[in-house]
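The next block holds one structure in the form of structure tokens; read it before the comments.
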Amino acid sequence: MQQTPIVEMTDITITFPGVRALDSVSFRMFPGEVHSLMGENGAGKSTLIKALTGVYSIDSGTMTLAGEPLVINGPAQAQAAGISTVYQEVNLLPNLSVAENIMLGREPRKGGLIDWRATRARAAELLERLNLDVDPRSQLSTHSLAVQQLVAIARATDVDAKVLILDEPTSSLDADEVAELFRVIGRLKESGVAILFVSHFLDQVYEISDRLTVLRNGALVGEYLTKEILRIELVHKMIGKELAVLDELEGRTRQAAADEEANVEVPYLEAKGLGRKGAVEPFDLSIREGEIVGLAGLLGSGRTEVARLITGVDRADSGETKVLGIRRRLRTPRIALRERIAYSSEDRKTQGIVDELTVRDNIVLALQADRGWFRRISKRRQDELAQSYIQALNIRPANPDALAGNLSGGNQQKVLLARWLAVAPHLLVLDEPTRGIDVGAKAEIQKLVSSLADEGMSVVFISAELEEVLRLSHRIAVMRDRRKVADLPNEDITVGQIMTLIASGADEGVNA
Amino acid sequence: MTTTLSTPTFLDRAKKFAPAPRYASLVATLVLLVVFFGIGASRYRNFASGQVVLNLFVDNAFLIVLAVGMTFVILTGGIDLSVGSVVALSTMIAASLAQAGWNPGLIILIVLAVGSGIGLLSGLVIHYFKIQPFIATLAAMFLARGLCYVISLDSIPITDPFFTALARRIVFAPKLSINPSVIIALVIVAVAFVVLHYTRTGRTVYAIGGGEYSGVLMGLPVSRTKVLVYVISGFCSGVAGILFSLYTLSGYGRTGIGLELDAIAAVVIGGTLLSGGSGFVIGSVLGVLLLGIIQTIISFEGTLSSWWTRIVIGALLLVFILLQKVLTLRRR
Amino acid sequence: MNAVRSITRSRLFWPVTALAALLIFNVIVTPGFFGITLKDGHLFGSLIDILRNGAPTMLVALGMTLVIATRGIDLSVGAIAAISGAVACTIIGDAPDPGNPGVVAVAIIVAVVLSLILGSWNGLLVAAFGIQPIVATLILMTAGRGIAMLITEGNILTITSPPYKFIGAGFLFGLPFAIIIVAVMVAIAALLTRKTALGLLIESVGINPAASRIAGVRSRGIVWVVYIFSGLCAGIAGLIISSNVTAADANSAGLWIELDAILAVVIGGTSLAGGRYSLTGTIVGAIVIQTLTTTVYTAGIPKEIALVFKAIVVIAVCLLQSPVVQDWMHRRRPTPSSTKAVAS
């Protein structure tokens with residue numbers, strides 16, 4: 001079945017200041033085939049797609065479409081060339097009607113003016129193809145995110161596309177809607193469209209795709225035929241360790257805490273049936289004092305959503321939380337902080353660091369917010385705090401007056417960490433605290449977390465690096481496809497076992 | 001996708017008659033218009049006459065045109081503070097050129113070109129230099145106003161026969177008359193309506209207000225349209241200036257101070273969201289009429305001082321803004 | 001080299017340069033421009049005039065700075081100034097003895113309290129109801145003038161009251177009293193924002209509201225306070241304006257002062273998008289604006305082109321401060337979203 005690829009991207013390199021987003025990556029798509037792009041956070045999937053759709057310009061490498069060199073300067077040109085895209089963030093216009101969103105920019109015209117009847121008719125056709133029962137005249141914002149995603153897909157399928165790119169198209173869809181989507185994809189395949197499918201739902205990837213490409217840290221790991229690679233192998237390739245190495249774990253792994261204490265104590269935080277529509281299915285989680293609970297799972301599995309719910313950043317739709325046995329509604333981060341629960345954001349750039357403030361200001365921010373407006377922390381004390389954390393965490397440059405936005409990612413993370421340590425929380429939720437940090441610093445942070453727990457602080461530790469999670473946690477909860485699927489004490493567990501849970505997930509949803 | 005098993009409540013049944021949320025503001029303005037007219041008709045003897053209604057249009061034709069232009073800009077999430085000054089500048093250019101004996105047709109073309117040109121500059125600065133619309137159009141306001149004074153510090157009367165003819169009333173029924181300005185204003189409204197609802201450019205205007213980045217990703221000509229709305233606003237200011245000069249038959253650099261705020265108030269009362277993406281030109285026209293009818297009532301009242309207009313308009317703005325807030329909240 | 005770099009990069013660079021350029025221009029055209037003489041124990045001169053006439057703008061711009069820092073704007077300051085002047089003059093005018101310092105004191109207190117209430121109203125709409133600042137303050141801007149007119153009943157209230165006149169036209173320690181008021185308010189603002197945590201929290205909220213929320217910053221109260229302060233500044237400015245003419249003209253008092261104030265803030269280096277602010281920069285910006293007006297007068301620039309002159313200077317400074325020009329000048333490496341992302 002050797003055909004010529006319809007899209008060929010060869011040795012694509014894209015660099016941004018300080019980071020090489022794509023390093024000589026090659027990628028190809030064949031007509032009538034579904035090709036899945038796999039990789040963890042920062043792997044380069046988004047960048048590759050935006051290169052293909054003209055949103056980013058490439059620094060080196062070539063692209064061809066149907067054998068002709070492909071040079072595009074923007075999304076409009078990509079569309080004109082026959083590349084149709086459905087973006088992850090459902091980039092539609094909530095203030096316009098469903099029909100309009102589907103046809104915007106391509107509305108049929110009569111005598112120079114838009115023919116609304118024809119527009120609505122065509123939209124209705126496309127909606128019907130997806131079995132979507134939605135009034136084309138209704139405003140997009142009145143529909144759920146799932147419906148909006150399907151409308152975006154309807155828009156993409158209208159164009160006489162040679163290539164259809166679907167970036168996380170199923171993240172808000174239920175099983176029936178996914179089935180419908182896959183039927184449409186099947187039909188498109190038959191008509192010869194090449195489909196790029198990005199999703200973290202492994203089941204779906206295995207169900208629909210013919211071919212897989214794995215990216216890691218901006219580089220190409222490999223291209224495989226779906227039927228020739230096992231799930232567990234795939235997960236290994238995405239996360240980056242060989243099977244053999246995994247079974248020899250270096251370093252001391254933390255053992256589960258003694259059971260006698262566990263049964264008597266009231267947990268510091270207990271979440272029961274806590275959930276949020278569209279974010280994560282209702283889950284139970286309890287965290288004891290001095291306990292480190294590791295949250296493992298792939299990108300998009302719901303770990304951050306869990307973190308945000310238990311720290312008051314997002315509001316829960318269902319369930320309840322208890323702090324030291326007392327029911328507390330953690331509606332805002334401020335309320336959670338009053339309960340001494342702090343959240344170190346995953347997205348440190350937009351939700352963590354205040355980039356135009358100094359390192360010192362960033363470190364004392366939460367502490368100051370807690371004390372209120374008038375009880376200002378004295379300059380001397382601020383300097384003391386800043387200096388001590390700069391030294392303890394080895395923040396570079398060691399200048400408290402440096403603007404936080406100018407620091408490297410790793411150092412920004414340390415500043416953020418310092419901010420939370422300064423408020424001495426009882427429960428600290430760390431979301432990917434070691435991402436982008438050099439090995440030495442990683443070890444420091446891990447040691448720090450460990451000693452904090454020894455002193456009685458509870459920690460929820462989220463990381464994509466399973467060895468870390470294993471090394472530090474007393475207990476490990478596993479997330480998969482927005483659901484908590486396992487909750488086990490860290491007794492003789494190997495990375496391989498966790499990976500298996502992530503890859504195939506106990507469908508019965510094991511909760512310890 | 002949802003099925004309600006309980007019997008529909010009164011509220012559910014009433015909701016069926018309620019207009020879709022995005023029309024709610026429009027309906028509210030229309031209702032208020034009728035209410036105020038009713039109040040006026042019941043209180044004053046000569047109020048309930050057709051001429052009073054027509055005078056609303058005659059006296060506010062220029063503001064209608066301004067509000068139309070402002071609607072385009074606000075729909076994209078921007079704002080144009082220069083419109084009042086461009087109106088004044090247009091009257092100055094028209095009056096001074098007419099005094100010098102230039103051809104009226106040419107004068108009108110020049111005025112429109114200048115207005116559009118100022119709008120073009122504003123748009124380019126806003127989009128390519130990434131300066132906030134507030135500041136950029138504020139600077140344009142000073143520039144336009146300054147150019148007025150460069151032409152003349154005093155008022156210049158217009159005696160050109162073409163202009164005076166255009167300013168004359170057209171009587172089409174006993175006791176009913178309008179003037180050509182009204183027709184021009186209504187034509188502009190009609191054209192704007194067609195552009196906004198039946199052309200791709202118009203839909204792109206709404207798209208920019210709904211999410212500029214999404215519009216870019218969808219392949220829409222966002223840059224071009226963003227600059228275009230300011231050109232349109234400038235053009236409308238030019239037209240409004242001509243209409244205003246017909247109304248006063250003079251050009252004066254100190255006119256039109258604060259007109260931009262009247263235009264913005266009319267647009268907001270007409271239901272257009274200042275954040276962009278939602279609103280109708282018809283709403284802005286109704287907003288102008290509402291402002292006009294308040295003026296009329298107050299002048300009929302006689303004893304009420306004219307500053308009550310300001311207070312009532314302020315109160316109206318508050319009501320509409322709260323209404324918009326409630327409506328948008330429910331949508332989420 | 002590094003010293004030069006850091007100076008040109010400082011936000012104060014352009015406003016101070018603009019001011020210096022204007023002053024040099026003035027000195028060339030009017031050699032006696034910098035002359036300050038001592039007469040009757042008072043300082044006189046063009047420079048003094050600039051400071052005295054610019055006092056209301058400086059004051060309003062001061063309050064506006066903090067509002068803008070929280071990503072807001074206050075269009076109602078002119079109306080608040082008018083109301084303040086109207087209320088004070090009404091109380092003084094109705095009193096049996098307008099020259100009584102006690103009466104004047106009462107009038108001032110009432111005007112100030114009213115300004116605080118009006119500022120609080122704005123804060124309520126923005127912080128509690130979540131209404132867009134430009135719209136929320138537009139309401140008071142529109143209705144406020146009407147209210148001021150209501151208070152003065154449409155007349156220009158003239159009063160004779162030496163203690164009242166002292167506010168705007170008097171001298172203390174040789175300097176115009178109005179300037180001393182401004183200095184005191186600046187000191188209060190600086191103390192309030194730097195000695196307490198308010199300054200840090202205001203900036204944090206303006207720069208990154210999401211991160212501030214997660215850090216537990218209570219933005220609602222902070223936003224409310226800045227609008228109250230803005231109202232206060234506008235009220236005091238209104239007293240200065242009306243005291244200068246010992247009259248209250250509800251129609252023209254403080255007319256368009258909000259625009260001058262916003263310009264002063266922007267010229268002073270604070271971005272309209274909120275975040276880091278500079279009180280010093282705002283004062284310099286206000287002085288630039290006032291100097292422009294004075295330049296026109298003393299340099300004999302014909303009134304006809306005065307406004308165009310002002311417009312061009314303002315446009316130039318704003319363009320120079322725009323992100324595009326700033327990036328180009330400092331050859332700053334732009335972020336991915338600005339270079340790589342290509343808009344059609």
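Please note that chains go A, B, ... in the order of the structure tokens, that every chain numbers its residues from 1, and that ligands are numbered from 1 in the order shown.
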
Those in stretch 126-271 of chain B with helix (DSSP H, G or I) from DSSP, as a PyMOL selection string: chain B and resi 126-128+133-151+161-167+180-198+200-217+222-248+259-269

Please produce a file of those selected residues containing C-alpha atoms, as a compact mmCIF listing (two decimals), in the first residue's frame.
```
# COMPACT_ATOMS: atom_id res chain seq x y z
CA ILE B 126 -3.98 51.41 16.36
CA HIS B 127 -3.33 48.23 14.45
CA TYR B 128 0.30 48.50 13.42
CA PRO B 133 -7.75 53.00 20.52
CA PHE B 134 -8.58 55.36 23.39
CA ILE B 135 -5.23 57.14 23.18
CA ALA B 136 -4.90 57.08 19.42
CA THR B 137 -8.34 58.55 18.77
CA LEU B 138 -7.84 61.01 21.62
CA ALA B 139 -4.78 62.31 19.82
CA ALA B 140 -6.76 62.43 16.58
CA MET B 141 -9.40 64.43 18.43
CA PHE B 142 -6.86 67.04 19.45
CA LEU B 143 -5.40 67.11 15.97
CA ALA B 144 -8.74 67.58 14.26
CA ARG B 145 -9.85 70.21 16.74
CA GLY B 146 -6.53 71.97 16.32
CA LEU B 147 -6.90 72.01 12.55
CA CYS B 148 -10.29 73.67 13.03
CA TYR B 149 -8.65 76.59 14.74
CA VAL B 150 -5.96 76.75 12.09
CA ILE B 151 -8.68 77.38 9.54
CA PRO B 161 -27.07 78.32 -2.64
CA PHE B 162 -26.44 74.58 -2.98
CA PHE B 163 -26.09 74.19 0.75
CA THR B 164 -28.97 76.45 1.61
CA ALA B 165 -31.14 74.52 -0.78
CA LEU B 166 -30.21 71.27 0.90
CA ALA B 167 -31.06 72.76 4.24
CA PRO B 180 -32.80 66.05 2.99
CA SER B 181 -30.46 65.34 5.90
CA VAL B 182 -32.94 62.84 7.25
CA ILE B 183 -32.98 61.00 3.96
CA ILE B 184 -29.19 60.96 3.80
CA ALA B 185 -29.00 59.68 7.37
CA LEU B 186 -31.51 56.91 6.69
CA VAL B 187 -29.65 55.90 3.54
CA ILE B 188 -26.46 55.58 5.54
CA VAL B 189 -28.26 53.48 8.13
CA ALA B 190 -29.61 51.22 5.40
CA VAL B 191 -26.19 50.81 3.79
CA ALA B 192 -24.60 50.09 7.15
CA PHE B 193 -27.25 47.51 7.90
CA VAL B 194 -26.63 45.74 4.61
CA VAL B 195 -22.87 45.83 5.05
CA LEU B 196 -22.96 44.50 8.60
CA HIS B 197 -25.45 41.73 7.95
CA TYR B 198 -24.99 40.78 4.34
CA ARG B 200 -18.29 39.18 4.56
CA THR B 201 -16.59 42.38 5.66
CA GLY B 202 -19.46 43.11 8.00
CA ARG B 203 -19.35 39.63 9.48
CA THR B 204 -15.61 40.00 9.94
CA VAL B 205 -16.34 43.12 12.01
CA TYR B 206 -18.46 41.01 14.34
CA ALA B 207 -15.82 38.29 14.33
CA ILE B 208 -13.08 40.68 15.47
CA GLY B 209 -15.26 41.69 18.38
CA GLY B 210 -15.92 38.08 19.24
CA GLY B 211 -12.30 37.01 19.24
CA GLU B 212 -9.65 38.60 17.07
CA TYR B 213 -7.22 35.71 17.29
CA SER B 214 -9.89 33.20 16.37
CA GLY B 215 -10.72 35.36 13.39
CA VAL B 216 -7.11 35.26 12.30
CA LEU B 217 -6.99 31.49 12.65
CA VAL B 222 -8.63 40.86 10.24
CA SER B 223 -5.95 43.53 9.74
CA ARG B 224 -7.72 45.08 6.81
CA THR B 225 -11.07 45.16 8.55
CA LYS B 226 -9.73 46.59 11.79
CA VAL B 227 -8.34 49.58 9.95
CA LEU B 228 -11.45 49.82 7.80
CA VAL B 229 -13.82 50.40 10.71
CA TYR B 230 -11.91 53.53 11.67
CA VAL B 231 -12.03 54.73 8.09
CA ILE B 232 -15.79 54.14 8.16
CA SER B 233 -16.09 56.06 11.40
CA GLY B 234 -14.11 58.93 9.92
CA PHE B 235 -16.24 58.86 6.80
CA CYS B 236 -19.42 58.97 8.85
CA SER B 237 -17.99 61.85 10.85
CA GLY B 238 -17.46 63.66 7.58
CA VAL B 239 -21.04 63.02 6.51
CA ALA B 240 -22.28 64.05 9.93
CA GLY B 241 -20.23 67.19 9.64
CA ILE B 242 -21.88 68.09 6.37
CA LEU B 243 -25.32 67.41 7.81
CA PHE B 244 -24.44 69.51 10.83
CA SER B 245 -23.25 72.36 8.68
CA LEU B 246 -26.59 72.21 6.88
CA TYR B 247 -28.34 72.32 10.23
CA THR B 248 -26.50 75.38 11.46
CA LEU B 259 -20.56 64.74 20.54
CA GLU B 260 -18.46 61.59 20.73
CA LEU B 261 -19.86 60.89 24.17
CA ASP B 262 -23.40 61.34 22.90
CA ALA B 263 -22.61 58.89 20.13
CA ILE B 264 -21.12 56.38 22.55
CA ALA B 265 -24.08 56.75 24.90
CA ALA B 266 -26.50 56.17 22.01
CA VAL B 267 -24.60 53.06 20.95
CA VAL B 268 -24.51 51.64 24.48
CA ILE B 269 -28.17 52.38 25.06
```

Check: which chain C residues lie within 6 Å of chain B using only C-alpha atoms, as a VMD selection string: chain C and resid 139 142 to 143 146 304 to 305 307 to 308 311 324 343 to 344

File dump, residues just selected, C-alpha atoms, as a PDB file, in the first residue's frame:
```pdb
ATOM      1  CA  ILE C 139     -22.286  57.147  33.739  1.00  0.00           C
ATOM      2  CA  THR C 142     -22.645  62.114  31.940  1.00  0.00           C
ATOM      3  CA  ALA C 143     -24.929  62.501  34.922  1.00  0.00           C
ATOM      4  CA  GLY C 146     -26.135  67.545  35.313  1.00  0.00           C
ATOM      5  CA  GLU C 304      -4.738  78.952  15.878  1.00  0.00           C
ATOM      6  CA  ILE C 305      -2.072  76.328  15.874  1.00  0.00           C
ATOM      7  CA  LEU C 307      -3.900  72.742  19.731  1.00  0.00           C
ATOM      8  CA  VAL C 308      -2.208  71.202  16.709  1.00  0.00           C
ATOM      9  CA  ALA C 311      -1.522  67.189  19.439  1.00  0.00           C
ATOM     10  CA  VAL C 324       6.509  48.396  18.399  1.00  0.00           C
ATOM     11  CA  ALA C 343      -1.771  37.532  10.893  1.00  0.00           C
ATOM     12  CA  SER C 344      -3.326  37.584   7.460  1.00  0.00           C
TER      13      SER C 344
END
```

A:Ser57 environment, 10 Å, only C-alpha atoms, sequence neighbours closer than 2 positions dropped, as an NGL selection string: (:A and (13-15 or 47 or 50-55 or 59-60 or 71-74)) or (:C and (339-342))

Within 7 Å of chain B: residues of chain A, using only C-alpha atoms, as a ChimeraX atom specification: /A:75-76,91-95,105,113-114,142

Just write the chosen residues, C-alpha atoms, as a JSON list (two decimals), in the first residue's frame.
```
[["chain", "number", "residue", "atom", "x", "y", "z"],
["A", 75, "PRO", "CA", -3.88, 30.70, 8.14],
["A", 76, "ALA", "CA", -5.83, 32.07, 5.18],
["A", 91, "ASN", "CA", -11.20, 28.96, 18.05],
["A", 92, "LEU", "CA", -14.69, 29.94, 17.07],
["A", 93, "LEU", "CA", -16.73, 33.05, 17.74],
["A", 94, "PRO", "CA", -19.19, 32.63, 20.60],
["A", 95, "ASN", "CA", -21.12, 35.76, 19.69],
["A", 105, "GLY", "CA", -15.38, 33.61, 5.30],
["A", 113, "LEU", "CA", -24.50, 39.89, -0.76],
["A", 114, "ILE", "CA", -24.51, 36.93, 1.59],
["A", 142, "THR", "CA", -25.57, 28.86, 24.14]]
```

Residues of chain A within 6 Å of chain C, counting only C-alpha atoms, as a PyMOL selection string: chain A and resi 16+55-57+74+333-334+351-352+354+366+369+373-374+376

Could the residues in this selection be written to a file with N, CA and C atoms, as an mmCIF file, in the first residue's frame?
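Saved result, again_6.cif, follows:
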```cif
data_model
loop_
_atom_site.group_PDB
_atom_site.id
_atom_site.type_symbol
_atom_site.label_atom_id
_atom_site.label_comp_id
_atom_site.auth_asym_id
_atom_site.auth_seq_id
_atom_site.Cartn_x
_atom_site.Cartn_y
_atom_site.Cartn_z
ATOM 1 N N PHE A 16 12.518 29.606 19.212
ATOM 2 C CA PHE A 16 12.096 30.845 19.843
ATOM 3 C C PHE A 16 13.235 31.269 20.744
ATOM 4 N N VAL A 55 0.760 29.473 10.980
ATOM 5 C CA VAL A 55 0.726 30.419 12.098
ATOM 6 C C VAL A 55 2.150 30.770 12.531
ATOM 7 N N TYR A 56 3.027 29.773 12.482
ATOM 8 C CA TYR A 56 4.443 30.040 12.772
ATOM 9 C C TYR A 56 5.245 29.917 11.487
ATOM 10 N N SER A 57 6.297 30.705 11.390
ATOM 11 C CA SER A 57 7.182 30.560 10.235
ATOM 12 C C SER A 57 8.345 29.650 10.643
ATOM 13 N N GLY A 74 0.243 32.482 6.337
ATOM 14 C CA GLY A 74 -0.796 32.712 7.317
ATOM 15 C C GLY A 74 -1.919 31.711 7.161
ATOM 16 N N PRO A 333 -9.175 30.824 45.809
ATOM 17 C CA PRO A 333 -7.824 30.528 46.307
ATOM 18 C C PRO A 333 -7.592 31.181 47.668
ATOM 19 N N ARG A 334 -8.197 32.353 47.885
ATOM 20 C CA ARG A 334 -7.970 33.045 49.137
ATOM 21 C C ARG A 334 -8.519 32.236 50.316
ATOM 22 N N GLN A 351 0.066 32.050 35.092
ATOM 23 C CA GLN A 351 -0.714 31.978 36.319
ATOM 24 C C GLN A 351 0.149 31.915 37.554
ATOM 25 N N GLY A 352 1.428 32.089 37.383
ATOM 26 C CA GLY A 352 2.306 31.960 38.530
ATOM 27 C C GLY A 352 3.109 33.225 38.739
ATOM 28 N N VAL A 354 4.529 36.879 38.363
ATOM 29 C CA VAL A 354 4.103 38.200 37.898
ATOM 30 C C VAL A 354 5.344 38.814 37.268
ATOM 31 N N ALA A 366 2.382 36.250 48.130
ATOM 32 C CA ALA A 366 1.299 35.532 48.808
ATOM 33 C C ALA A 366 1.307 35.821 50.303
ATOM 34 N N ALA A 369 -0.201 39.205 50.686
ATOM 35 C CA ALA A 369 -1.650 39.186 50.445
ATOM 36 C C ALA A 369 -2.370 38.636 51.674
ATOM 37 N N TRP A 373 -3.417 44.690 53.448
ATOM 38 C CA TRP A 373 -2.764 45.831 52.845
ATOM 39 C C TRP A 373 -1.850 46.567 53.791
ATOM 40 N N PHE A 374 -2.298 46.728 55.026
ATOM 41 C CA PHE A 374 -1.612 47.703 55.875
ATOM 42 C C PHE A 374 -0.411 47.141 56.617
ATOM 43 N N ARG A 376 2.443 45.909 56.163
ATOM 44 C CA ARG A 376 3.441 45.628 55.152
ATOM 45 C C ARG A 376 4.622 44.907 55.759
#
```

Spatial neighbours of A:Ala316, 9 Å, only C-alpha atoms, chain gap at least 3 places, as a ChimeraX atom specification: /A:274-277,309-310,312,319-320,330-331

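Atom CA of A:Arg419 sits 24.8 Å away from atom CA of A:Ser286.
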
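From atom CA of C:Cys318 back to atom CA of B:Ser90, the distance works out to 25.8 Å.
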
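Compared by their closest atoms to A:Val460, and using only C-alpha atoms, the residues A:Ile476, A:Ile49, A:Ile153, A:Val19 rank with A:Ile476 nearest.
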
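Atom CA of C:Ile131 to atom CA of C:Val226 spans 15.4 Å [interatomic distance, one decimal].
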
Leaving out A:Leu501 and any residue of its chain fewer than 2 positions from it, which residues lie within 10 Å of it when counting only C-alpha atoms, given as a CSV table (one decimal) with C-alpha atoms, in the first residue's frame?
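So the final result, stored in around-v2.csv, reads:
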```csv
chain,number,residue,atom,x,y,z
A,232,ILE,CA,3.0,0.2,26.8
A,296,ALA,CA,0.6,10.4,37.9
A,297,GLY,CA,-0.9,10.5,34.4
A,478,VAL,CA,-3.2,7.6,38.8
A,479,MET,CA,-5.3,9.8,36.4
A,480,ARG,CA,-6.4,8.7,33.0
A,485,VAL,CA,-8.3,5.2,38.1
A,486,ALA,CA,-6.0,4.1,40.9
A,495,VAL,CA,7.5,2.7,37.0
A,496,GLY,CA,6.5,0.1,34.6
A,497,GLN,CA,3.4,-0.7,36.7
A,498,ILE,CA,2.4,2.9,36.8
A,499,MET,CA,2.8,3.1,33.1
A,503,ALA,CA,-1.8,3.1,29.4
A,504,SER,CA,-4.7,0.7,29.9
A,505,GLY,CA,-6.2,2.0,33.2
A,506,ALA,CA,-8.1,-0.2,35.5
A,507,ASP,CA,-11.5,0.3,33.8
```

Residues of stretch 391-442 of chain A in strand (DSSP E), written as a PyMOL selection string: chain A and resi 427-431
